>>> print(open('entry-v5.pdb').read())   # PDB, C-alpha atoms
ATOM      1  CA  MET J   1     109.165 112.039  92.742  1.00  0.00           C
ATOM      2  CA  ALA J   2     108.406 111.089  96.341  1.00  0.00           C
ATOM      3  CA  VAL J   3     110.171 108.097  97.831  1.00  0.00           C
ATOM      4  CA  HIS J   4     108.358 105.889 100.318  1.00  0.00           C
ATOM      5  CA  LEU J   5     110.218 103.534 102.626  1.00  0.00           C
ATOM      6  CA  LEU J   6     108.967 100.899 105.028  1.00  0.00           C
ATOM      7  CA  ALA J   7     111.619  99.875 107.515  1.00  0.00           C
ATOM      8  CA  THR J   8     110.994  96.943 109.841  1.00  0.00           C
ATOM      9  CA  LEU J   9     113.226  96.649 112.888  1.00  0.00           C
ATOM     10  CA  THR J  10     112.724  93.522 114.983  1.00  0.00           C
ATOM     11  CA  ALA J  11     113.653  93.975 118.632  1.00  0.00           C
ATOM     12  CA  LYS J  12     115.167  91.248 120.754  1.00  0.00           C
ATOM     13  CA  PRO J  13     112.771  89.946 123.435  1.00  0.00           C
ATOM     14  CA  GLY J  14     112.209  92.598 126.108  1.00  0.00           C
ATOM     15  CA  LYS J  15     114.017  95.298 124.095  1.00  0.00           C
ATOM     16  CA  PHE J  16     111.126  96.888 122.199  1.00  0.00           C
ATOM     17  CA  ASP J  17     110.510  99.739 124.627  1.00  0.00           C
ATOM     18  CA  GLU J  18     114.178 100.708 124.653  1.00  0.00           C
ATOM     19  CA  LEU J  19     114.224 100.639 120.839  1.00  0.00           C
ATOM     20  CA  ALA J  20     111.055 102.756 120.685  1.00  0.00           C
ATOM     21  CA  SER J  21     112.487 105.313 123.068  1.00  0.00           C
ATOM     22  CA  HIS J  22     115.591 105.788 120.891  1.00  0.00           C
ATOM     23  CA  PHE J  23     113.306 106.094 117.876  1.00  0.00           C
ATOM     24  CA  ARG J  24     111.337 108.905 119.539  1.00  0.00           C
ATOM     25  CA  THR J  25     114.558 110.876 119.895  1.00  0.00           C
ATOM     26  CA  LEU J  26     115.408 110.254 116.255  1.00  0.00           C
ATOM     27  CA  ALA J  27     111.922 111.205 115.028  1.00  0.00           C
ATOM     28  CA  THR J  28     112.054 114.487 116.950  1.00  0.00           C
ATOM     29  CA  GLN J  29     115.328 115.394 115.206  1.00  0.00           C
ATOM     30  CA  VAL J  30     113.965 114.372 111.804  1.00  0.00           C
ATOM     31  CA  HIS J  31     110.903 116.574 112.343  1.00  0.00           C
ATOM     32  CA  ALA J  32     113.062 119.513 113.388  1.00  0.00           C
ATOM     33  CA  HIS J  33     115.824 119.282 110.790  1.00  0.00           C
ATOM     34  CA  GLU J  34     114.266 117.702 107.666  1.00  0.00           C
ATOM     35  CA  PRO J  35     111.338 119.736 106.363  1.00  0.00           C
ATOM     36  CA  ASP J  36     111.258 117.636 103.179  1.00  0.00           C
ATOM     37  CA  THR J  37     110.882 114.400 105.092  1.00  0.00           C
ATOM     38  CA  LEU J  38     107.111 114.404 104.809  1.00  0.00           C
ATOM     39  CA  ILE J  39     106.078 111.334 106.809  1.00  0.00           C
ATOM     40  CA  TYR J  40     108.114 109.645 109.530  1.00  0.00           C
ATOM     41  CA  TYR J  41     106.421 107.614 112.214  1.00  0.00           C
ATOM     42  CA  ALA J  42     106.665 104.208 113.863  1.00  0.00           C
ATOM     43  CA  LEU J  43     104.138 101.486 114.464  1.00  0.00           C
ATOM     44  CA  GLU J  44     104.391  98.610 116.911  1.00  0.00           C
ATOM     45  CA  ASN J  45     103.564  95.148 115.640  1.00  0.00           C
ATOM     46  CA  LYS J  46     103.271  93.410 118.998  1.00  0.00           C
ATOM     47  CA  ALA J  47     102.862  89.965 117.419  1.00  0.00           C
ATOM     48  CA  SER J  48     106.450  90.022 116.114  1.00  0.00           C
ATOM     49  CA  ASN J  49     108.136  92.627 118.352  1.00  0.00           C
ATOM     50  CA  GLU J  50     108.585  94.823 115.306  1.00  0.00           C
ATOM     51  CA  LEU J  51     109.040  98.555 115.081  1.00  0.00           C
ATOM     52  CA  ILE J  52     107.792  99.437 111.598  1.00  0.00           C
ATOM     53  CA  VAL J  53     108.742 102.885 110.334  1.00  0.00           C
ATOM     54  CA  ILE J  54     106.612 104.534 107.651  1.00  0.00           C
ATOM     55  CA  GLU J  55     108.703 107.077 105.776  1.00  0.00           C
ATOM     56  CA  LYS J  56     108.061 109.458 102.891  1.00  0.00           C
ATOM     57  CA  TYR J  57     110.658 111.773 101.380  1.00  0.00           C
ATOM     58  CA  LYS J  58     110.093 114.567  98.868  1.00  0.00           C
ATOM     59  CA  ASN J  59     112.649 112.887  96.573  1.00  0.00           C
ATOM     60  CA  ALA J  60     115.581 110.462  96.544  1.00  0.00           C
ATOM     61  CA  GLN J  61     118.110 113.174  97.452  1.00  0.00           C
ATOM     62  CA  VAL J  62     116.171 114.044 100.618  1.00  0.00           C
ATOM     63  CA  GLN J  63     116.186 110.370 101.583  1.00  0.00           C
ATOM     64  CA  ALA J  64     119.927 110.090 100.903  1.00  0.00           C
ATOM     65  CA  ASN J  65     120.615 113.188 103.021  1.00  0.00           C
ATOM     66  CA  HIS J  66     118.528 111.714 105.854  1.00  0.00           C
ATOM     67  CA  GLY J  67     120.692 108.612 105.908  1.00  0.00           C
ATOM     68  CA  LYS J  68     123.882 110.687 106.218  1.00  0.00           C
ATOM     69  CA  THR J  69     122.810 112.738 109.238  1.00  0.00           C
ATOM     70  CA  ALA J  70     124.814 112.274 112.428  1.00  0.00           C
ATOM     71  CA  TYR J  71     121.659 111.638 114.481  1.00  0.00           C
ATOM     72  CA  PHE J  72     120.492 108.886 112.110  1.00  0.00           C
ATOM     73  CA  GLN J  73     123.842 107.152 112.202  1.00  0.00           C
ATOM     74  CA  ALA J  74     124.015 107.538 115.975  1.00  0.00           C
ATOM     75  CA  PHE J  75     120.570 105.931 116.222  1.00  0.00           C
ATOM     76  CA  PHE J  76     121.685 102.808 114.388  1.00  0.00           C
ATOM     77  CA  ALA J  77     124.954 102.614 116.311  1.00  0.00           C
ATOM     78  CA  THR J  78     122.933 102.734 119.540  1.00  0.00           C
ATOM     79  CA  VAL J  79     120.106 100.348 118.678  1.00  0.00           C
ATOM     80  CA  GLY J  80     122.185  97.740 116.860  1.00  0.00           C
ATOM     81  CA  PRO J  81     122.562  95.539 119.964  1.00  0.00           C
ATOM     82  CA  LEU J  82     118.791  95.708 120.579  1.00  0.00           C
ATOM     83  CA  LEU J  83     117.885  94.207 117.207  1.00  0.00           C
ATOM     84  CA  ALA J  84     117.212  90.546 116.561  1.00  0.00           C
ATOM     85  CA  GLY J  85     118.418  90.860 112.969  1.00  0.00           C
ATOM     86  CA  LYS J  86     119.095  93.192 110.107  1.00  0.00           C
ATOM     87  CA  PRO J  87     116.378  95.805 109.420  1.00  0.00           C
ATOM     88  CA  VAL J  88     114.158  94.956 106.427  1.00  0.00           C
ATOM     89  CA  LEU J  89     113.777  97.892 104.051  1.00  0.00           C
ATOM     90  CA  LYS J  90     111.114  98.133 101.382  1.00  0.00           C
ATOM     91  CA  LYS J  91     111.605 101.028  98.958  1.00  0.00           C
ATOM     92  CA  CYS J  92     108.245 101.821  97.387  1.00  0.00           C
ATOM     93  CA  ALA J  93     106.522 104.159  95.005  1.00  0.00           C
ATOM     94  CA  SER J  94     103.087 105.577  95.620  1.00  0.00           C
ATOM     95  CA  VAL J  95     100.202 104.148  93.619  1.00  0.00           C
ATOM     96  CA  VAL J  96      98.908 107.249  91.844  1.00  0.00           C
ATOM     97  CA  GLY J  97      95.259 107.744  92.705  1.00  0.00           C
ATOM     98  CA  GLY J  98      95.561 105.010  95.240  1.00  0.00           C
ATOM     99  CA  GLY J  99      94.098 106.496  98.365  1.00  0.00           C
ATOM    100  CA  PHE J 100      94.741 109.296 100.868  1.00  0.00           C
ATOM    101  CA  GLU J 101      97.530 109.868 103.364  1.00  0.00           C
ATOM    102  CA  GLY J 102      95.276 111.671 105.794  1.00  0.00           C
ATOM    103  CA  ARG J 103      92.048 113.579 106.193  1.00  0.00           C
ATOM    104  CA  GLY J 104      93.480 117.110 106.562  1.00  0.00           C
ATOM    105  CA  GLU J 105      93.439 119.502 103.585  1.00  0.00           C
ATOM    106  CA  THR J 106      97.231 119.289 103.355  1.00  0.00           C
ATOM    107  CA  ALA J 107      97.275 115.477 103.419  1.00  0.00           C
ATOM    108  CA  ALA J 108      98.118 114.219  99.980  1.00  0.00           C
ATOM    109  CA  LYS J 109      95.435 112.490  97.977  1.00  0.00           C
ATOM    110  CA  LEU J 110      97.632 110.278  95.812  1.00  0.00           C
TER     111      LEU J 110
ATOM    112  CA  MET S   1      92.394 104.098 120.365  1.00  0.00           C
ATOM    113  CA  ALA S   2      93.458 104.232 116.725  1.00  0.00           C
ATOM    114  CA  VAL S   3      94.104 100.989 114.895  1.00  0.00           C
ATOM    115  CA  HIS S   4      96.836 100.799 112.269  1.00  0.00           C
ATOM    116  CA  LEU S   5      96.956  98.030 109.682  1.00  0.00           C
ATOM    117  CA  LEU S   6      99.556  97.158 107.095  1.00  0.00           C
ATOM    118  CA  ALA S   7      98.180  94.859 104.410  1.00  0.00           C
ATOM    119  CA  THR S   8     100.522  93.341 101.862  1.00  0.00           C
ATOM    120  CA  LEU S   9      98.951  91.907  98.701  1.00  0.00           C
ATOM    121  CA  THR S  10     101.346  90.150  96.360  1.00  0.00           C
ATOM    122  CA  ALA S  11     100.233  90.203  92.735  1.00  0.00           C
ATOM    123  CA  LYS S  12     100.858  87.374  90.306  1.00  0.00           C
ATOM    124  CA  PRO S  13     103.412  88.283  87.607  1.00  0.00           C
ATOM    125  CA  GLY S  14     101.950  90.845  85.217  1.00  0.00           C
ATOM    126  CA  LYS S  15      98.872  91.437  87.403  1.00  0.00           C
ATOM    127  CA  PHE S  16     100.028  94.378  89.548  1.00  0.00           C
ATOM    128  CA  ASP S  17      98.489  97.127  87.421  1.00  0.00           C
ATOM    129  CA  GLU S  18      95.126  95.370  87.342  1.00  0.00           C
ATOM    130  CA  LEU S  19      95.272  94.927  91.145  1.00  0.00           C
ATOM    131  CA  ALA S  20      96.205  98.608  91.619  1.00  0.00           C
ATOM    132  CA  SER S  21      93.359  99.741  89.434  1.00  0.00           C
ATOM    133  CA  HIS S  22      90.799  97.805  91.521  1.00  0.00           C
ATOM    134  CA  PHE S  23      92.406  99.284  94.644  1.00  0.00           C
ATOM    135  CA  ARG S  24      91.919 102.830  93.323  1.00  0.00           C
ATOM    136  CA  THR S  25      88.194 102.156  93.028  1.00  0.00           C
ATOM    137  CA  LEU S  26      88.113 100.777  96.570  1.00  0.00           C
ATOM    138  CA  ALA S  27      90.098 103.705  98.004  1.00  0.00           C
ATOM    139  CA  THR S  28      87.740 106.208  96.404  1.00  0.00           C
ATOM    140  CA  GLN S  29      84.774 104.512  98.090  1.00  0.00           C
ATOM    141  CA  VAL S  30      86.585 104.359 101.436  1.00  0.00           C
ATOM    142  CA  HIS S  31      87.373 108.099 101.211  1.00  0.00           C
ATOM    143  CA  ALA S  32      83.767 108.911 100.361  1.00  0.00           C
ATOM    144  CA  HIS S  33      81.953 106.636 102.823  1.00  0.00           C
ATOM    145  CA  GLU S  34      84.276 106.227 105.845  1.00  0.00           C
ATOM    146  CA  PRO S  35      85.132 109.577 107.455  1.00  0.00           C
ATOM    147  CA  ASP S  36      86.712 107.768 110.420  1.00  0.00           C
ATOM    148  CA  THR S  37      89.088 105.824 108.230  1.00  0.00           C
ATOM    149  CA  LEU S  38      91.887 108.320 108.645  1.00  0.00           C
ATOM    150  CA  ILE S  39      94.641 106.944 106.394  1.00  0.00           C
ATOM    151  CA  TYR S  40      94.173 104.599 103.449  1.00  0.00           C
ATOM    152  CA  TYR S  41      96.686 104.485 100.659  1.00  0.00           C
ATOM    153  CA  ALA S  42      98.722 101.985  98.693  1.00  0.00           C
ATOM    154  CA  LEU S  43     102.403 101.714  97.923  1.00  0.00           C
ATOM    155  CA  GLU S  44     104.064  99.654  95.207  1.00  0.00           C
ATOM    156  CA  ASN S  45     107.036  97.546  96.184  1.00  0.00           C
ATOM    157  CA  LYS S  46     108.284  96.789  92.689  1.00  0.00           C
ATOM    158  CA  ALA S  47     110.966  94.366  93.950  1.00  0.00           C
ATOM    159  CA  SER S  48     108.319  91.889  95.130  1.00  0.00           C
ATOM    160  CA  ASN S  49     105.237  92.871  93.084  1.00  0.00           C
ATOM    161  CA  GLU S  50     103.539  93.902  96.295  1.00  0.00           C
ATOM    162  CA  LEU S  51     100.709  96.326  96.858  1.00  0.00           C
ATOM    163  CA  ILE S  52     101.166  97.492 100.456  1.00  0.00           C
ATOM    164  CA  VAL S  53      98.203  99.273 102.002  1.00  0.00           C
ATOM    165  CA  ILE S  54      98.768 101.661 104.908  1.00  0.00           C
ATOM    166  CA  GLU S  55      95.586 101.953 106.932  1.00  0.00           C
ATOM    167  CA  LYS S  56      94.572 103.881 110.053  1.00  0.00           C
ATOM    168  CA  TYR S  57      91.149 103.684 111.674  1.00  0.00           C
ATOM    169  CA  LYS S  58      89.794 105.893 114.468  1.00  0.00           C
ATOM    170  CA  ASN S  59      89.109 102.723 116.481  1.00  0.00           C
ATOM    171  CA  ALA S  60      88.558  98.958 116.190  1.00  0.00           C
ATOM    172  CA  GLN S  61      84.820  99.368 115.449  1.00  0.00           C
ATOM    173  CA  VAL S  62      85.560 101.594 112.447  1.00  0.00           C
ATOM    174  CA  GLN S  63      87.988  98.981 111.142  1.00  0.00           C
ATOM    175  CA  ALA S  64      85.419  96.195 111.651  1.00  0.00           C
ATOM    176  CA  ASN S  65      82.770  98.218 109.817  1.00  0.00           C
ATOM    177  CA  HIS S  66      85.191  98.803 106.931  1.00  0.00           C
ATOM    178  CA  GLY S  67      85.655  95.061 106.506  1.00  0.00           C
ATOM    179  CA  LYS S  68      81.897  94.475 106.279  1.00  0.00           C
ATOM    180  CA  THR S  69      81.203  96.997 103.493  1.00  0.00           C
ATOM    181  CA  ALA S  70      79.923  95.619 100.195  1.00  0.00           C
ATOM    182  CA  TYR S  71      82.602  97.450  98.213  1.00  0.00           C
ATOM    183  CA  PHE S  72      85.425  95.991 100.364  1.00  0.00           C
ATOM    184  CA  GLN S  73      84.070  92.457  99.995  1.00  0.00           C
ATOM    185  CA  ALA S  74      83.554  92.997  96.265  1.00  0.00           C
ATOM    186  CA  PHE S  75      87.184  94.133  95.995  1.00  0.00           C
ATOM    187  CA  PHE S  76      88.509  90.919  97.506  1.00  0.00           C
ATOM    188  CA  ALA S  77      86.154  88.771  95.439  1.00  0.00           C
ATOM    189  CA  THR S  78      87.453  90.514  92.315  1.00  0.00           C
ATOM    190  CA  VAL S  79      91.186  90.580  93.034  1.00  0.00           C
ATOM    191  CA  GLY S  80      91.451  87.088  94.540  1.00  0.00           C
ATOM    192  CA  PRO S  81      92.529  85.499  91.230  1.00  0.00           C
ATOM    193  CA  LEU S  82      95.197  88.216  90.756  1.00  0.00           C
ATOM    194  CA  LEU S  83      96.996  87.398  94.015  1.00  0.00           C
ATOM    195  CA  ALA S  84      99.976  85.086  94.338  1.00  0.00           C
ATOM    196  CA  GLY S  85      98.972  84.176  97.895  1.00  0.00           C
ATOM    197  CA  LYS S  86      97.016  85.170 100.962  1.00  0.00           C
ATOM    198  CA  PRO S  87      97.322  88.844 101.969  1.00  0.00           C
ATOM    199  CA  VAL S  88      99.638  89.437 104.948  1.00  0.00           C
ATOM    200  CA  LEU S  89      98.045  91.619 107.603  1.00  0.00           C
ATOM    201  CA  LYS S  90      99.964  93.336 110.384  1.00  0.00           C
ATOM    202  CA  LYS S  91      97.733  94.916 113.050  1.00  0.00           C
ATOM    203  CA  CYS S  92      99.753  97.590 114.786  1.00  0.00           C
ATOM    204  CA  ALA S  93      99.543 100.256 117.449  1.00  0.00           C
ATOM    205  CA  SER S  94     101.134 103.657 117.088  1.00  0.00           C
ATOM    206  CA  VAL S  95     104.290 104.356 119.071  1.00  0.00           C
ATOM    207  CA  VAL S  96     103.241 107.348 121.157  1.00  0.00           C
ATOM    208  CA  GLY S  97     105.572 110.249 120.479  1.00  0.00           C
ATOM    209  CA  GLY S  98     107.093 108.232 117.690  1.00  0.00           C
ATOM    210  CA  GLY S  99     107.074 110.603 114.772  1.00  0.00           C
ATOM    211  CA  PHE S 100     104.649 112.474 112.522  1.00  0.00           C
ATOM    212  CA  GLU S 101     102.097 111.279 109.992  1.00  0.00           C
ATOM    213  CA  GLY S 102     102.472 114.337 107.823  1.00  0.00           C
ATOM    214  CA  ARG S 103     103.587 117.944 107.739  1.00  0.00           C
ATOM    215  CA  GLY S 104     100.166 119.646 107.643  1.00  0.00           C
ATOM    216  CA  GLU S 105      98.689 121.117 110.857  1.00  0.00           C
ATOM    217  CA  THR S 106      96.023 118.425 110.910  1.00  0.00           C
ATOM    218  CA  ALA S 107      98.546 115.594 110.464  1.00  0.00           C
ATOM    219  CA  ALA S 108      98.847 113.764 113.749  1.00  0.00           C
ATOM    220  CA  LYS S 109     102.090 114.095 115.665  1.00  0.00           C
ATOM    221  CA  LEU S 110     102.007 110.773 117.541  1.00  0.00           C
TER     222      LEU S 110
END
>>> encode(input="entry-v5.pdb", output="C-alpha cells")
Amino acid sequence: MAVHLLATLTAKPGKFDELASHFRTLATQVHAHEPDTLIYYALENKASNELIVIEKYKNAQVQANHGKTAYFQAFFATVGPLLAGKPVLKKCASVVGGGFEGRGETAAKL
Amino acid sequence: MAVHLLATLTAKPGKFDELASHFRTLATQVHAHEPDTLIYYALENKASNELIVIEKYKNAQVQANHGKTAYFQAFFATVGPLLAGKPVLKKCASVVGGGFEGRGETAAKL
C-alpha cells in the first residue's frame, strides 16, 4: 500500500532560498535513484517561510529505504542550521476514490 | 503561474468517513468539470482525523472559478457540521526545479 508523507520544514528568516536549493539537489537524486518514490516535490508557503514536501512511496519499505540513503542524511545534516524548528511530518493514507493526482493517463486516480 | 493549495479539514470524532465520502463526490465533479484543475486529491492523516486536500490549479483564475461552483459550495454547506474547526488553507507556489509530481511522462517535473 502506498505511503504518503507531508513534511513541513520551516526556514529561519532569510534562509528559505538556501534551503530550497539544497532540496533541489536532493530531489534530483531521489528522482534518479528511487524509481518507487512516485511523488516528491516541494511547495513554498511564503506566509510562514515553509518548504512543504509532498511525498508518495510505493510502500513503507521504499519510504524506509529513502530515509537511509546517504544523500537524504546529508541533506538533513546540511540544512539543520537553516531550520527554525523540527520538521513536522504527517504520515497519511490515500482516500480511496478521493480525487486524482494529475491529469496524465499515468497519474493515479485514487 | 500555477497555484498550489493545501487544505486541511479536521473531522469531529467518528465523522471522518462521512467527510471523506462527501469529498469523493466533490472530487468526481472537479475531475469532470474543471480540466484546468490539475491535481485534486485527499489524504487521511489518521493521527489527527484530518482530511488533507492537495490541489493544483493552472492559474489563480481557475482556482477562483473552482471556489464559485455550486458543487463546491454545496460540499462546504454539507460538511460544515462534520468539522471540528475552520479548514486551514495554505496557498503555495511550486519550488522551481524542486522535484517531480509523478513518474508518468505527463507528470510535471518542477
>>> atom_distance(input="entry-v5.pdb", atom1="CA of Phe16 (chain S)", atom2="CA of Leu9 (chain J)")
26.9 Å
>>> closest_atom_pairs(input="entry-v5.pdb", of="region 16-76 of chain S", to="region 89-104 of chain S", cutoff="10 Å", atoms="all atoms listed in the file", output="Markdown table")
| residue | atom | partner | partner_atom | distance |
| --- | --- | --- | --- | --- |
| S:Ile39 | CA | S:Glu101 | CA | 9.3 |
| S:Ile52 | CA | S:Leu89 | CA | 9.8 |
| S:Val53 | CA | S:Leu89 | CA | 9.5 |
| S:Glu55 | CA | S:Lys91 | CA | 9.6 |
| S:Lys56 | CA | S:Cys92 | CA | 9.4 |
>>> write_last_selection(input="entry-v5.pdb", atoms="C-alpha atoms", output="PDB file, keeping the file's coordinate frame")
ATOM      1  CA  ILE S  39      94.641 106.944 106.394  1.00  0.00           C
ATOM      2  CA  ILE S  52     101.166  97.492 100.456  1.00  0.00           C
ATOM      3  CA  VAL S  53      98.203  99.273 102.002  1.00  0.00           C
ATOM      4  CA  GLU S  55      95.586 101.953 106.932  1.00  0.00           C
ATOM      5  CA  LYS S  56      94.572 103.881 110.053  1.00  0.00           C
TER       6      LYS S  56
END
>>> calpha_fit_and_write(input="entry-v5.pdb", fixed="chain S", moving="chain J", output="PDB file with C-alpha atoms, in the frame of the given file")
ATOM      1  CA  MET J   1      92.394 104.076 120.348  1.00  0.00           C
ATOM      2  CA  ALA J   2      93.463 104.223 116.706  1.00  0.00           C
ATOM      3  CA  VAL J   3      94.105 100.977 114.879  1.00  0.00           C
ATOM      4  CA  HIS J   4      96.839 100.799 112.263  1.00  0.00           C
ATOM      5  CA  LEU J   5      96.954  98.035 109.678  1.00  0.00           C
ATOM      6  CA  LEU J   6      99.560  97.158 107.087  1.00  0.00           C
ATOM      7  CA  ALA J   7      98.189  94.861 104.420  1.00  0.00           C
ATOM      8  CA  THR J   8     100.533  93.339 101.853  1.00  0.00           C
ATOM      9  CA  LEU J   9      98.965  91.913  98.713  1.00  0.00           C
ATOM     10  CA  THR J  10     101.356  90.143  96.353  1.00  0.00           C
ATOM     11  CA  ALA J  11     100.232  90.198  92.732  1.00  0.00           C
ATOM     12  CA  LYS J  12     100.860  87.374  90.309  1.00  0.00           C
ATOM     13  CA  PRO J  13     103.412  88.272  87.607  1.00  0.00           C
ATOM     14  CA  GLY J  14     101.956  90.853  85.217  1.00  0.00           C
ATOM     15  CA  LYS J  15      98.879  91.441  87.407  1.00  0.00           C
ATOM     16  CA  PHE J  16     100.026  94.371  89.548  1.00  0.00           C
ATOM     17  CA  ASP J  17      98.486  97.111  87.422  1.00  0.00           C
ATOM     18  CA  GLU J  18      95.115  95.370  87.354  1.00  0.00           C
ATOM     19  CA  LEU J  19      95.265  94.931  91.140  1.00  0.00           C
ATOM     20  CA  ALA J  20      96.203  98.598  91.607  1.00  0.00           C
ATOM     21  CA  SER J  21      93.342  99.746  89.424  1.00  0.00           C
ATOM     22  CA  HIS J  22      90.800  97.812  91.522  1.00  0.00           C
ATOM     23  CA  PHE J  23      92.399  99.285  94.633  1.00  0.00           C
ATOM     24  CA  ARG J  24      91.916 102.830  93.314  1.00  0.00           C
ATOM     25  CA  THR J  25      88.194 102.158  93.028  1.00  0.00           C
ATOM     26  CA  LEU J  26      88.112 100.789  96.560  1.00  0.00           C
ATOM     27  CA  ALA J  27      90.104 103.709  97.997  1.00  0.00           C
ATOM     28  CA  THR J  28      87.738 106.218  96.388  1.00  0.00           C
ATOM     29  CA  GLN J  29      84.766 104.529  98.089  1.00  0.00           C
ATOM     30  CA  VAL J  30      86.584 104.370 101.427  1.00  0.00           C
ATOM     31  CA  HIS J  31      87.360 108.094 101.209  1.00  0.00           C
ATOM     32  CA  ALA J  32      83.753 108.910 100.367  1.00  0.00           C
ATOM     33  CA  HIS J  33      81.953 106.646 102.829  1.00  0.00           C
ATOM     34  CA  GLU J  34      84.279 106.232 105.846  1.00  0.00           C
ATOM     35  CA  PRO J  35      85.135 109.569 107.440  1.00  0.00           C
ATOM     36  CA  ASP J  36      86.716 107.777 110.413  1.00  0.00           C
ATOM     37  CA  THR J  37      89.094 105.825 108.220  1.00  0.00           C
ATOM     38  CA  LEU J  38      91.898 108.328 108.639  1.00  0.00           C
ATOM     39  CA  ILE J  39      94.648 106.946 106.399  1.00  0.00           C
ATOM     40  CA  TYR J  40      94.171 104.594 103.459  1.00  0.00           C
ATOM     41  CA  TYR J  41      96.691 104.484 100.660  1.00  0.00           C
ATOM     42  CA  ALA J  42      98.732 101.967  98.691  1.00  0.00           C
ATOM     43  CA  LEU J  43     102.408 101.712  97.929  1.00  0.00           C
ATOM     44  CA  GLU J  44     104.058  99.654  95.215  1.00  0.00           C
ATOM     45  CA  ASN J  45     107.036  97.539  96.185  1.00  0.00           C
ATOM     46  CA  LYS J  46     108.297  96.770  92.692  1.00  0.00           C
ATOM     47  CA  ALA J  47     110.965  94.358  93.954  1.00  0.00           C
ATOM     48  CA  SER J  48     108.313  91.874  95.128  1.00  0.00           C
ATOM     49  CA  ASN J  49     105.237  92.874  93.084  1.00  0.00           C
ATOM     50  CA  GLU J  50     103.543  93.904  96.304  1.00  0.00           C
ATOM     51  CA  LEU J  51     100.713  96.327  96.862  1.00  0.00           C
ATOM     52  CA  ILE J  52     101.174  97.486 100.455  1.00  0.00           C
ATOM     53  CA  VAL J  53      98.205  99.270 102.002  1.00  0.00           C
ATOM     54  CA  ILE J  54      98.777 101.659 104.904  1.00  0.00           C
ATOM     55  CA  GLU J  55      95.590 101.956 106.932  1.00  0.00           C
ATOM     56  CA  LYS J  56      94.576 103.868 110.049  1.00  0.00           C
ATOM     57  CA  TYR J  57      91.153 103.692 111.675  1.00  0.00           C
ATOM     58  CA  LYS J  58      89.791 105.892 114.457  1.00  0.00           C
ATOM     59  CA  ASN J  59      89.104 102.727 116.490  1.00  0.00           C
ATOM     60  CA  ALA J  60      88.555  98.974 116.184  1.00  0.00           C
ATOM     61  CA  GLN J  61      84.830  99.363 115.443  1.00  0.00           C
ATOM     62  CA  VAL J  62      85.571 101.600 112.446  1.00  0.00           C
ATOM     63  CA  GLN J  63      87.986  98.975 111.140  1.00  0.00           C
ATOM     64  CA  ALA J  64      85.424  96.198 111.655  1.00  0.00           C
ATOM     65  CA  ASN J  65      82.762  98.218 109.813  1.00  0.00           C
ATOM     66  CA  HIS J  66      85.195  98.797 106.932  1.00  0.00           C
ATOM     67  CA  GLY J  67      85.666  95.068 106.508  1.00  0.00           C
ATOM     68  CA  LYS J  68      81.899  94.488 106.279  1.00  0.00           C
ATOM     69  CA  THR J  69      81.211  97.001 103.505  1.00  0.00           C
ATOM     70  CA  ALA J  70      79.921  95.616 100.215  1.00  0.00           C
ATOM     71  CA  TYR J  71      82.613  97.454  98.228  1.00  0.00           C
ATOM     72  CA  PHE J  72      85.407  95.986 100.371  1.00  0.00           C
ATOM     73  CA  GLN J  73      84.081  92.474  99.995  1.00  0.00           C
ATOM     74  CA  ALA J  74      83.558  92.996  96.271  1.00  0.00           C
ATOM     75  CA  PHE J  75      87.181  94.144  96.000  1.00  0.00           C
ATOM     76  CA  PHE J  76      88.512  90.924  97.491  1.00  0.00           C
ATOM     77  CA  ALA J  77      86.148  88.772  95.440  1.00  0.00           C
ATOM     78  CA  THR J  78      87.450  90.518  92.313  1.00  0.00           C
ATOM     79  CA  VAL J  79      91.176  90.573  93.049  1.00  0.00           C
ATOM     80  CA  GLY J  80      91.447  87.089  94.538  1.00  0.00           C
ATOM     81  CA  PRO J  81      92.530  85.507  91.229  1.00  0.00           C
ATOM     82  CA  LEU J  82      95.191  88.215  90.770  1.00  0.00           C
ATOM     83  CA  LEU J  83      96.990  87.400  94.017  1.00  0.00           C
ATOM     84  CA  ALA J  84      99.965  85.093  94.341  1.00  0.00           C
ATOM     85  CA  GLY J  85      98.989  84.179  97.900  1.00  0.00           C
ATOM     86  CA  LYS J  86      97.028  85.175 100.942  1.00  0.00           C
ATOM     87  CA  PRO J  87      97.318  88.855 101.969  1.00  0.00           C
ATOM     88  CA  VAL J  88      99.641  89.435 104.948  1.00  0.00           C
ATOM     89  CA  LEU J  89      98.042  91.630 107.602  1.00  0.00           C
ATOM     90  CA  LYS J  90      99.952  93.340 110.376  1.00  0.00           C
ATOM     91  CA  LYS J  91      97.736  94.916 113.042  1.00  0.00           C
ATOM     92  CA  CYS J  92      99.753  97.603 114.802  1.00  0.00           C
ATOM     93  CA  ALA J  93      99.551 100.255 117.453  1.00  0.00           C
ATOM     94  CA  SER J  94     101.126 103.659 117.100  1.00  0.00           C
ATOM     95  CA  VAL J  95     104.295 104.351 119.061  1.00  0.00           C
ATOM     96  CA  VAL J  96     103.242 107.335 121.165  1.00  0.00           C
ATOM     97  CA  GLY J  97     105.585 110.224 120.488  1.00  0.00           C
ATOM     98  CA  GLY J  98     107.101 108.247 117.698  1.00  0.00           C
ATOM     99  CA  GLY J  99     107.078 110.615 114.782  1.00  0.00           C
ATOM    100  CA  PHE J 100     104.635 112.481 112.531  1.00  0.00           C
ATOM    101  CA  GLU J 101     102.094 111.269 110.000  1.00  0.00           C
ATOM    102  CA  GLY J 102     102.470 114.335 107.833  1.00  0.00           C
ATOM    103  CA  ARG J 103     103.571 117.940 107.732  1.00  0.00           C
ATOM    104  CA  GLY J 104     100.131 119.616 107.645  1.00  0.00           C
ATOM    105  CA  GLU J 105      98.666 121.126 110.832  1.00  0.00           C
ATOM    106  CA  THR J 106      96.005 118.407 110.903  1.00  0.00           C
ATOM    107  CA  ALA J 107      98.523 115.576 110.480  1.00  0.00           C
ATOM    108  CA  ALA J 108      98.865 113.762 113.753  1.00  0.00           C
ATOM    109  CA  LYS J 109     102.085 114.097 115.681  1.00  0.00           C
ATOM    110  CA  LEU J 110     102.016 110.793 117.548  1.00  0.00           C
TER     111      LEU J 110
END
>>> residues_around(input="entry-v5.pdb", residues="region 68-70 of chain S", least_positions_apart="4", cutoff="12 Å", atoms="only C-alpha atoms", output="list in words")
Leu26, Gln29, Val30, His33, Glu34, Gln61, Val62, Gln63, Ala64, Ala74, Phe75, Phe76 and Ala77 of chain S
>>> axis_aligned_box(input="entry-v5.pdb", around="region 70-85 of chain S", padding_each_side="3 Å", output="JSON")
{"center_x": 89.9, "center_y": 90.8, "center_z": 95.6, "size_x": 26.1, "size_y": 19.3, "size_z": 15.6}
